[in-house]
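Colleague: One structure is given below, represented as structure tokens, and several questions about it will come after.
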Amino acid sequence: MTVVRRRGVLTVPLALVFFLALAVLVKLQVWSSPLHQIQGSQDAEQTIWFLTWTPFAIGQHHNPLITTYLNYPNGVNLLWNTAMPALGVLLWPFTTVWNAVLTYNVVTTAAMAVSAFFAFLAIRRYVHGDVAAAIGGLVFGFSPGMIAQDSAHANVVASAITIPLAFILLDELLIRQRMRAWLLGVLIAALGVFQFFIFTEFFATEVIVAIVVGCLLALVFRSQVRQRLPYTMRAVGVAVLVALVVLAYPLYLLLAGPGRVHGSVHDPNGFSTDLLNPFVPTGVQALAPAAATAISINFSGNGSEANGYLGIPLLVLMIVMFARFRHVALVRVATFAAAAVTVLSLGPNLHIGGHQLPVPLPWWIPGHVPLLRSIIPARLMYFTYLACALVLAYALHRLWLARHNLGLTAGMAGVVLAPLFPALPLTGLATVAVPAFFTSAASMKQLPSGTPVLAVPWPSVSAMDGMNWQAASNMRFRLLGGYFIGPASPNQNALRGIAESFSGPSPPAEAGGTQRAEFVSELQSNNVGAIIVGPNPQQAAAVAFFTNLLGRPPLEFDGVDVWKVSGSTQ
């Protein structure tokens with residue numbers, strides 16, 4: 001594979017500034033009020049809780065990977081969740097000085113810019129034209145997959161940052177082999193550990209894709225395998241050893257720790273790339289005719305997981321480039337890699353137009369392996385975007401060298417990029433509103449630190465209020481329930497049932513004596529120290545119920561009703 005030497009230094013900072021400015025423009029809506037507005041859903045609010053938890057846990061000497069501040073008293077194993085502790089630590093100052101809402105907006109905005117920038121650096125290693133490399137970076141960092149995931153999964157878009165870095169290290173490991181093997185092994189381990197603490201799923205998929213690319217290179221350059229293998233094995237050996245030492249305890253928690261998940265989190269067939277997805281746009285593209293979205297809306301999973309759109313112009317370009325330049329190692333390997341990874345992203349069985357067919361595909365094997373079964377295959381398309389970006393950048397540079405025609409080169413870039421342009425402004429703008437009680441130090445003194453709290457509405461994926469209150473209070477109290485992955489605490493059915501009954505459109509029926517008795521019993525056995533009723537459709541009915549049950553009215557603060565419950569040991 002031909003390696004081209006690098007050029008001027010000013011291009012690199014200019015590219016970073018360009019990508020950052022573009023990312024802010026794409027996310028301009030949230031940056032009009034970054035302390036309170038997000039582009040996202042319940043998953044985004046859950047991430048805000050996680051970004052608050054990590055600095056709090058470390059500052060208070062709690063284990064940041066396990067928490068009893070959700071799902072009290074059993075707690076939650078955060079390694080099975082999207083906690084992103086690496087970014088919680090890295091962005092600690094933003095959370096401390098402002099709040100985790102801002103931190104979330106920094107993560108999702110910077111993810112686009114930084115992943116595009118690192119892709120630009122990776123592409124520059126093989127494509128001499130900086131503008132062409134920048135366009136390749138643009139395709140990767142602002143891909144339809146990134147835009148789709150931005151509204152829900154900060155952990156996914158943040159993971160894209162490490163993919164080009166992994167490519168650079170893989171290039172050094174298998175192709176260039178200039179660095180000392182032990183040093184490269186340490187760098188590989190460091191990146192792997194960093195990715196593990198962003199999102200373990202992408203830690204696994206980066207390893208899988210690296211193996212796929214390594215096998216492709218071994219097939220293409222069979223004559224060089226024996227010469228390069230010793231260096232590769234030394235570096236990989238150091239990387240595995242260092243990673244195992246650093247991750248020994250986290251891996252124990254993941255595989256055998258409390259609150260671990262038994263079985264799989266997702267059905268891989270539920271989130272697979274549809275065979276039509278590379279050709280048919282979804283609603284996140286500006287150029288998405290109604291006839292196209294009528295098809296793409298049926299793709300498996302949900303809109304955020306339809307990550308496979310490439311556009312017909314880019315697909316045609318990939319075919320033409322392979323036909324014309326397959327003798328060029330970069331084009332040949334990148335095309336093979338894109339095709340192989342795309343096939344893996346199709347999942348265990350073929351999906352066409354939203355219909356699952358009984359046709360087994362290569363992902364059928366990892367789709368039946370514990371732990372690997374929880375990987376969402378559709379997200380593998382992120383690696384396809386990088387491979388396509390490499391070929392596109394090479395094509396633009398070759399066209400420029402052949403014709404020196406700015407209009408022709410820009411025209412080809414425009415034709416390829418136009419179908420990928422996102423629909424702006426992005427959808428899903430939401431405001432994270434929290435009653436003043438939870439941000440007032442004087443008010444929060446009503447609750448001793450760490451008090452177990454029963455919140456109404458009951459915290460869940462459909463009612464994120466309690467977790468938002470808790471994050472805004474800097475984890476002043478523990479919370480029964482919550483939105484998390486893992487087994488729920490037992491002996492809370494009555495508590496949950498009554499708390500959830502006040503979330504409907506009309507007041508619930510009066511609880512019977514048996515239900516009330518079970519509620520009081522569970523209140524005591526779960527060591528609940530306070531009941532908090534916040535703004536909700538049936539707040540008056542909830543206040544009347546708890547006033548009658550406890551025999552006293554609540555303390556009222558800024559629209560929040562609070563009862564202290566005797567008997568708590570907190």
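Each chain in the structure tokens gets a letter, A, B and so on, in the order shown; residues start at 1 in every chain, and ligands are counted from 1 in the order they appear.
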Please provide the set of residues having any atom within 9 Å of A:Leu371, restricted to only C-alpha atoms, with same-chain residues fewer than 2 positions apart removed, written as a list in words.

Modeller: Gly263, Ser264, Val265, Pro366, Val369, Arg373, Ser374 and Ile375 of chain A

Colleague: So that I can check the secondary structure, give me every residue of stretch 7-114 of chain A assigned strand (DSSP E) by backbone DSSP, as a list in words.

Modeller: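 So the strand (DSSP E) residues in stretch 7-114 of chain A would be Gln37, Ile38, Gln39, Ile66, Thr67, Val76 and Asn77 of chain A.
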
Colleague: Give me the residues within 9 Å of stretch 512-524 of chain A as a count of residues only, counting only C-alpha atoms and dropping any in the same chain fewer than 2 places off.

Modeller: 18

Colleague: Would you compute the distance between atom CA of A:Leu183 and atom CA of A:Val114? Give it in Å to one decimal.

Modeller: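 Going from atom CA of A:Leu183 over to atom CA of A:Val114, I get 24.2 Å.
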
Colleague: Could you give me, as a Markdown table, a per-residue list for stretch 345-432 of chain A showing, wherever an atom lies at most 9 Å from an atom of stretch 322-340 of chain A, the closest pair of atoms and their distance in Å to one decimal, using only C-alpha atoms and sorting by chain then residue number from low to high?

Modeller:
| residue | atom | partner | partner_atom | distance |
| --- | --- | --- | --- | --- |
| A:Ser345 | CA | A:Ala340 | CA | 8.8 |
| A:Met381 | CA | A:Ala338 | CA | 8.5 |
| A:Phe383 | CA | A:Ala338 | CA | 7.3 |
| A:Thr384 | CA | A:Ala338 | CA | 4.6 |
| A:Tyr385 | CA | A:Ala338 | CA | 7.8 |
| A:Leu386 | CA | A:Ala338 | CA | 8.4 |
| A:Ala387 | CA | A:Ala334 | CA | 5.1 |
| A:Cys388 | CA | A:Ala338 | CA | 6.8 |
| A:Leu390 | CA | A:Ala334 | CA | 7.2 |
| A:Val391 | CA | A:Val331 | CA | 5.9 |
| A:Tyr394 | CA | A:Val331 | CA | 8.0 |

Colleague: Take the residues from that selection and write them out as a PDB file, in the first residue's frame, keeping N, CA, C and O atoms.

Modeller:
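Dumped everything to part.pdb:
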ATOM      1  N   SER A 345     -23.145  -5.707   9.002  1.00  0.00           N
ATOM      2  CA  SER A 345     -24.150  -4.815   9.588  1.00  0.00           C
ATOM      3  C   SER A 345     -25.572  -5.238   9.244  1.00  0.00           C
ATOM      4  O   SER A 345     -26.529  -4.777   9.880  1.00  0.00           O
ATOM      5  N   MET A 381     -21.990   0.275  10.450  1.00  0.00           N
ATOM      6  CA  MET A 381     -21.894   1.125   9.261  1.00  0.00           C
ATOM      7  C   MET A 381     -20.986   2.324   9.484  1.00  0.00           C
ATOM      8  O   MET A 381     -20.524   2.937   8.519  1.00  0.00           O
ATOM      9  N   PHE A 383     -17.999   2.186  10.379  1.00  0.00           N
ATOM     10  CA  PHE A 383     -16.723   1.782   9.787  1.00  0.00           C
ATOM     11  C   PHE A 383     -16.802   1.829   8.262  1.00  0.00           C
ATOM     12  O   PHE A 383     -15.818   2.150   7.589  1.00  0.00           O
ATOM     13  N   THR A 384     -17.971   1.524   7.727  1.00  0.00           N
ATOM     14  CA  THR A 384     -18.168   1.632   6.279  1.00  0.00           C
ATOM     15  C   THR A 384     -18.017   3.075   5.823  1.00  0.00           C
ATOM     16  O   THR A 384     -17.424   3.351   4.770  1.00  0.00           O
ATOM     17  N   TYR A 385     -18.553   4.015   6.603  1.00  0.00           N
ATOM     18  CA  TYR A 385     -18.424   5.430   6.238  1.00  0.00           C
ATOM     19  C   TYR A 385     -16.957   5.838   6.121  1.00  0.00           C
ATOM     20  O   TYR A 385     -16.585   6.591   5.215  1.00  0.00           O
ATOM     21  N   LEU A 386     -16.111   5.365   7.031  1.00  0.00           N
ATOM     22  CA  LEU A 386     -14.694   5.731   6.974  1.00  0.00           C
ATOM     23  C   LEU A 386     -14.044   5.144   5.727  1.00  0.00           C
ATOM     24  O   LEU A 386     -13.262   5.820   5.044  1.00  0.00           O
ATOM     25  N   ALA A 387     -14.363   3.894   5.407  1.00  0.00           N
ATOM     26  CA  ALA A 387     -13.800   3.268   4.208  1.00  0.00           C
ATOM     27  C   ALA A 387     -14.252   4.009   2.952  1.00  0.00           C
ATOM     28  O   ALA A 387     -13.451   4.266   2.037  1.00  0.00           O
ATOM     29  N   CYS A 388     -15.523   4.380   2.894  1.00  0.00           N
ATOM     30  CA  CYS A 388     -16.033   5.127   1.739  1.00  0.00           C
ATOM     31  C   CYS A 388     -15.403   6.509   1.663  1.00  0.00           C
ATOM     32  O   CYS A 388     -15.128   7.019   0.562  1.00  0.00           O
ATOM     33  N   LEU A 390     -12.428   7.315   2.564  1.00  0.00           N
ATOM     34  CA  LEU A 390     -11.084   7.127   2.005  1.00  0.00           C
ATOM     35  C   LEU A 390     -11.115   7.054   0.478  1.00  0.00           C
ATOM     36  O   LEU A 390     -10.327   7.718  -0.215  1.00  0.00           O
ATOM     37  N   VAL A 391     -12.035   6.266  -0.043  1.00  0.00           N
ATOM     38  CA  VAL A 391     -12.121   6.102  -1.500  1.00  0.00           C
ATOM     39  C   VAL A 391     -12.569   7.406  -2.146  1.00  0.00           C
ATOM     40  O   VAL A 391     -12.041   7.805  -3.196  1.00  0.00           O
ATOM     41  N   TYR A 394      -9.663   9.826  -2.233  1.00  0.00           N
ATOM     42  CA  TYR A 394      -8.697   9.411  -3.255  1.00  0.00           C
ATOM     43  C   TYR A 394      -9.217   9.756  -4.649  1.00  0.00           C
ATOM     44  O   TYR A 394      -8.459  10.232  -5.514  1.00  0.00           O
TER      45      TYR A 394
END

Colleague: Do you have the atom CA of A:Leu276-atom CA of A:Ser300 distance handy?

Modeller: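 The value is 11.3 Å.
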
Colleague: Expressed in Å to a single decimal, how great is the separation between atom CA of A:Ala86 and atom CA of A:Val26?

Modeller: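 So the two atoms, atom CA of A:Ala86 and atom CA of A:Val26, lie 25.0 Å apart.
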
Colleague: Quick one: pick out all helix (DSSP H, G or I) residues within stretch 101-161 of chain A from a backbone DSSP run and write them as a PyMOL selection string.

Modeller: chain A and resi 101-124+130-141+144-150+154-159

Colleague: Export, as a compact mmCIF listing (two decimals), in the first residue's frame, the selected residues with C-alpha atoms.

Modeller:
# COMPACT_ATOMS: atom_id res chain seq x y z
CA VAL A 101 -26.81 19.55 30.20
CA LEU A 102 -23.99 21.71 28.86
CA THR A 103 -21.62 18.75 29.08
CA TYR A 104 -24.02 16.67 27.00
CA ASN A 105 -24.17 19.39 24.35
CA VAL A 106 -20.38 19.60 24.32
CA VAL A 107 -20.16 15.82 23.81
CA THR A 108 -22.63 15.63 20.93
CA THR A 109 -21.27 18.73 19.19
CA ALA A 110 -17.61 17.91 19.64
CA ALA A 111 -18.20 14.29 18.56
CA MET A 112 -19.08 15.42 15.04
CA ALA A 113 -16.19 17.88 14.78
CA VAL A 114 -13.49 15.76 16.40
CA SER A 115 -14.43 12.54 14.59
CA ALA A 116 -14.36 14.44 11.29
CA PHE A 117 -10.99 15.94 12.22
CA PHE A 118 -9.45 12.60 13.17
CA ALA A 119 -10.86 11.06 9.97
CA PHE A 120 -9.18 13.91 8.06
CA LEU A 121 -5.86 13.08 9.75
CA ALA A 122 -6.29 9.39 9.01
CA ILE A 123 -7.15 9.97 5.33
CA ARG A 124 -4.17 12.34 4.92
CA ASP A 130 -5.78 18.15 2.00
CA VAL A 131 -9.07 19.45 0.62
CA ALA A 132 -9.97 15.96 -0.57
CA ALA A 133 -9.04 14.56 2.85
CA ALA A 134 -11.20 17.22 4.52
CA ILE A 135 -14.18 16.22 2.37
CA GLY A 136 -13.57 12.63 3.42
CA GLY A 137 -13.53 13.75 7.05
CA LEU A 138 -16.81 15.56 6.44
CA VAL A 139 -18.44 12.40 5.10
CA PHE A 140 -17.39 10.46 8.20
CA GLY A 141 -17.97 13.00 10.97
CA PRO A 144 -26.27 10.17 8.13
CA GLY A 145 -25.43 7.68 10.88
CA MET A 146 -23.97 10.44 13.08
CA ILE A 147 -26.98 12.70 12.49
CA ALA A 148 -29.42 9.87 13.22
CA GLN A 149 -27.68 8.86 16.46
CA ASP A 150 -27.19 12.45 17.63
CA ALA A 154 -24.27 10.44 22.79
CA ASN A 155 -22.25 7.32 23.57
CA VAL A 156 -22.49 6.20 19.93
CA VAL A 157 -21.51 9.52 18.35
CA ALA A 158 -18.70 9.91 20.91
CA SER A 159 -17.41 6.45 19.99

Colleague: Just the residues within 7 Å of stretch 430-441 of chain A, please, counting only C-alpha atoms, with nothing from its chain fewer than 3 positions along; format it as a list in words.

Modeller: His36, Gln37, Ile38, Gln39, Gly40, Met444, Lys445, Asn468, Trp469, Ala472, Ser473, Phe557 and Asp558 of chain A

Colleague: Atoms to include: all heavy atoms. Write the selected residues as an mmCIF file, in the first residue's frame.

Modeller:
data_model
loop_
_atom_site.group_PDB
_atom_site.id
_atom_site.type_symbol
_atom_site.label_atom_id
_atom_site.label_comp_id
_atom_site.auth_asym_id
_atom_site.auth_seq_id
_atom_site.Cartn_x
_atom_site.Cartn_y
_atom_site.Cartn_z
ATOM 1 N N HIS A 36 -29.867 24.456 29.158
ATOM 2 C CA HIS A 36 -31.215 23.935 29.397
ATOM 3 C C HIS A 36 -31.790 23.163 28.219
ATOM 4 O O HIS A 36 -32.737 22.405 28.407
ATOM 5 C CB HIS A 36 -32.170 25.092 29.737
ATOM 6 C CG HIS A 36 -31.701 25.949 30.866
ATOM 7 N ND1 HIS A 36 -31.713 25.523 32.179
ATOM 8 C CD2 HIS A 36 -31.170 27.201 30.879
ATOM 9 C CE1 HIS A 36 -31.229 26.484 32.955
ATOM 10 N NE2 HIS A 36 -30.884 27.502 32.205
ATOM 11 N N GLN A 37 -31.240 23.330 27.014
ATOM 12 C CA GLN A 37 -31.806 22.682 25.840
ATOM 13 C C GLN A 37 -30.896 21.580 25.319
ATOM 14 O O GLN A 37 -29.673 21.697 25.364
ATOM 15 C CB GLN A 37 -32.043 23.713 24.726
ATOM 16 C CG GLN A 37 -33.177 24.665 25.032
ATOM 17 C CD GLN A 37 -33.582 25.496 23.833
ATOM 18 O OE1 GLN A 37 -34.729 25.880 23.695
ATOM 19 N NE2 GLN A 37 -32.646 25.787 22.955
ATOM 20 N N ILE A 38 -31.519 20.512 24.833
ATOM 21 C CA ILE A 38 -30.787 19.404 24.239
ATOM 22 C C ILE A 38 -31.489 18.982 22.953
ATOM 23 O O ILE A 38 -32.661 19.294 22.741
ATOM 24 C CB ILE A 38 -30.692 18.188 25.181
ATOM 25 C CG1 ILE A 38 -32.103 17.725 25.600
ATOM 26 C CG2 ILE A 38 -29.832 18.495 26.391
ATOM 27 C CD1 ILE A 38 -32.122 16.416 26.365
ATOM 28 N N GLN A 39 -30.762 18.291 22.106
ATOM 29 C CA GLN A 39 -31.331 17.655 20.931
ATOM 30 C C GLN A 39 -31.422 16.190 21.279
ATOM 31 O O GLN A 39 -30.458 15.446 21.152
ATOM 32 C CB GLN A 39 -30.401 17.855 19.730
ATOM 33 C CG GLN A 39 -31.108 17.966 18.409
ATOM 34 C CD GLN A 39 -31.382 19.393 18.040
ATOM 35 O OE1 GLN A 39 -30.552 20.245 18.295
ATOM 36 N NE2 GLN A 39 -32.526 19.667 17.448
ATOM 37 N N GLY A 40 -32.569 15.771 21.796
ATOM 38 C CA GLY A 40 -32.575 14.379 22.219
ATOM 39 C C GLY A 40 -33.861 13.945 22.880
ATOM 40 O O GLY A 40 -34.827 14.695 22.984
ATOM 41 N N MET A 444 -32.808 22.108 49.532
ATOM 42 C CA MET A 444 -32.339 20.728 49.561
ATOM 43 C C MET A 444 -31.834 20.307 50.942
ATOM 44 O O MET A 444 -31.645 19.127 51.193
ATOM 45 C CB MET A 444 -31.244 20.522 48.511
ATOM 46 C CG MET A 444 -31.775 20.527 47.074
ATOM 47 S SD MET A 444 -33.132 19.365 46.808
ATOM 48 C CE MET A 444 -32.313 17.809 47.061
ATOM 49 N N LYS A 445 -31.627 21.263 51.829
ATOM 50 C CA LYS A 445 -31.259 20.910 53.202
ATOM 51 C C LYS A 445 -32.375 20.159 53.913
ATOM 52 O O LYS A 445 -32.158 19.546 54.961
ATOM 53 C CB LYS A 445 -30.878 22.168 53.980
ATOM 54 C CG LYS A 445 -29.512 22.728 53.617
ATOM 55 C CD LYS A 445 -29.162 23.939 54.468
ATOM 56 C CE LYS A 445 -27.779 24.475 54.086
ATOM 57 N NZ LYS A 445 -27.422 25.692 54.880
ATOM 58 N N ASN A 468 -33.894 13.700 36.392
ATOM 59 C CA ASN A 468 -33.494 15.087 36.127
ATOM 60 C C ASN A 468 -33.384 15.877 37.422
ATOM 61 O O ASN A 468 -32.468 16.684 37.607
ATOM 62 C CB ASN A 468 -34.499 15.752 35.186
ATOM 63 C CG ASN A 468 -34.440 15.187 33.773
ATOM 64 O OD1 ASN A 468 -33.428 14.621 33.367
ATOM 65 N ND2 ASN A 468 -35.514 15.324 33.028
ATOM 66 N N TRP A 469 -34.345 15.666 38.347
ATOM 67 C CA TRP A 469 -34.288 16.348 39.645
ATOM 68 C C TRP A 469 -33.014 15.961 40.395
ATOM 69 O O TRP A 469 -32.331 16.809 40.964
ATOM 70 C CB TRP A 469 -35.495 15.979 40.500
ATOM 71 C CG TRP A 469 -36.834 16.281 39.899
ATOM 72 C CD1 TRP A 469 -37.106 17.158 38.886
ATOM 73 C CD2 TRP A 469 -38.078 15.677 40.260
ATOM 74 N NE1 TRP A 469 -38.452 17.147 38.604
ATOM 75 C CE2 TRP A 469 -39.081 16.246 39.432
ATOM 76 C CE3 TRP A 469 -38.467 14.718 41.197
ATOM 77 C CZ2 TRP A 469 -40.427 15.897 39.524
ATOM 78 C CZ3 TRP A 469 -39.802 14.367 41.298
ATOM 79 C CH2 TRP A 469 -40.770 14.947 40.466
ATOM 80 N N ALA A 472 -29.903 17.529 38.843
ATOM 81 C CA ALA A 472 -29.846 18.969 39.110
ATOM 82 C C ALA A 472 -29.456 19.257 40.556
ATOM 83 O O ALA A 472 -28.847 20.299 40.845
ATOM 84 C CB ALA A 472 -31.190 19.614 38.800
ATOM 85 N N SER A 473 -29.786 18.342 41.471
ATOM 86 C CA SER A 473 -29.446 18.526 42.887
ATOM 87 C C SER A 473 -28.045 18.036 43.213
ATOM 88 O O SER A 473 -27.656 18.030 44.388
ATOM 89 C CB SER A 473 -30.453 17.776 43.758
ATOM 90 O OG SER A 473 -30.252 16.364 43.669
ATOM 91 N N PHE A 557 -42.589 23.456 48.307
ATOM 92 C CA PHE A 557 -41.485 24.277 47.828
ATOM 93 C C PHE A 557 -41.588 24.418 46.314
ATOM 94 O O PHE A 557 -41.385 23.443 45.582
ATOM 95 C CB PHE A 557 -40.123 23.648 48.162
ATOM 96 C CG PHE A 557 -39.925 23.296 49.604
ATOM 97 C CD1 PHE A 557 -40.268 22.042 50.076
ATOM 98 C CD2 PHE A 557 -39.398 24.223 50.494
ATOM 99 C CE1 PHE A 557 -40.070 21.705 51.400
ATOM 100 C CE2 PHE A 557 -39.198 23.894 51.823
ATOM 101 C CZ PHE A 557 -39.534 22.638 52.288
ATOM 102 N N ASP A 558 -41.901 25.591 45.832
ATOM 103 C CA ASP A 558 -41.844 25.887 44.394
ATOM 104 C C ASP A 558 -42.570 24.847 43.540
ATOM 105 O O ASP A 558 -42.048 24.361 42.539
ATOM 106 C CB ASP A 558 -40.382 25.993 43.923
ATOM 107 C CG ASP A 558 -39.591 27.010 44.729
ATOM 108 O OD1 ASP A 558 -40.056 28.154 44.836
ATOM 109 O OD2 ASP A 558 -38.517 26.644 45.245
#

Colleague: Can you work out which one of A:Phe502, A:Trp92, A:Phe421, A:Phe56 has the shortest atom-to-atom distance to A:Gln470, counting only C-alpha atoms?

Modeller: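 Looking only at the distances to A:Gln470, the closest residue turns out to be A:Phe56.
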
Colleague: Near A:Trp363, within 9 Å and counting only C-alpha atoms, which residues show up once chain neighbours fewer than 4 positions away are dropped, as a list in words?

Modeller: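 The residues satisfying every condition are Pro268, Val343, Leu344, Ser345, Leu346, Gly347, Pro348, Asn349, Gly367, His368 and Pro377 of chain A.
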
Colleague: Convert the current residue selection to file output with C-alpha atoms, as a compact mmCIF listing (two decimals), in the first residue's frame.

Modeller:
# COMPACT_ATOMS: atom_id res chain seq x y z
CA PRO A 268 -29.60 -8.18 16.87
CA VAL A 343 -22.58 -7.34 5.09
CA LEU A 344 -21.92 -7.80 8.82
CA SER A 345 -24.15 -4.81 9.59
CA LEU A 346 -27.07 -6.56 7.86
CA GLY A 347 -27.41 -8.66 11.02
CA PRO A 348 -28.12 -12.37 11.51
CA ASN A 349 -30.89 -12.45 8.88
CA GLY A 367 -25.61 -12.97 16.97
CA HIS A 368 -25.76 -16.23 18.93
CA PRO A 377 -25.18 -4.64 13.94

Colleague: Which is closer to A:Gly237 than all the others in A:Ile188, A:His266, A:Leu550, A:Arg379, using only C-alpha atoms?

Modeller: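 Counting only C-alpha atoms, the residue closest to A:Gly237 is A:Ile188.
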
Colleague: Counting only C-alpha atoms, which residue out of A:Thr205, A:Gln538, A:Asn307, A:Asn277 sits closest to A:Thr293?

Modeller: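 Ranking A:Thr205, A:Gln538, A:Asn307, A:Asn277 by distance to A:Thr293, first place goes to A:Asn277.
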
Colleague: Within 6 Å of stretch 446-452 of chain A, counting only C-alpha atoms, which residues qualify if same-chain residues fewer than 4 places away don't, as a PyMOL selection string?

Modeller: chain A and resi 476-479+528-529+570

Colleague: Using only C-alpha atoms, pick whichever of A:Gln46, A:Phe167, A:Ala190, A:Trp563 has the shortest atom-to-atom distance to A:Val245.

Modeller: A:Ala190

Colleague: Would you please work out which residue, of A:Ile161, A:Ala291, A:Val89, A:Ala540, is nearest to A:Gly59 when using only C-alpha atoms?

Modeller: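 For A:Gly59, the nearest of the given residues is A:Val89.
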
Colleague: List as a list of chain:residue names the protein and nucleic acid residues near stretch 459-464 of chain A, meaning an atom at most 10 Å away when only C-alpha atoms are counted, but skip any in the same chain fewer than 5 places from it.

Modeller: A:Ser41, A:Gln42, A:Asp43, A:Glu45, A:Gln46, A:Trp49, A:Leu70, A:Asn71, A:Val432, A:Leu454, A:Trp469, A:Leu479, A:Leu480, A:Gly481, A:Gly482, A:Tyr483, A:Phe484, A:Arg496, A:Ala499, A:Glu500, A:Ser503, A:Asn536

Colleague: Looking at only C-alpha atoms, which of A:Ile175, A:Gly129, A:Val533, A:Pro164 is the one that sits closest to A:Gln224?

Modeller: A:Ile175
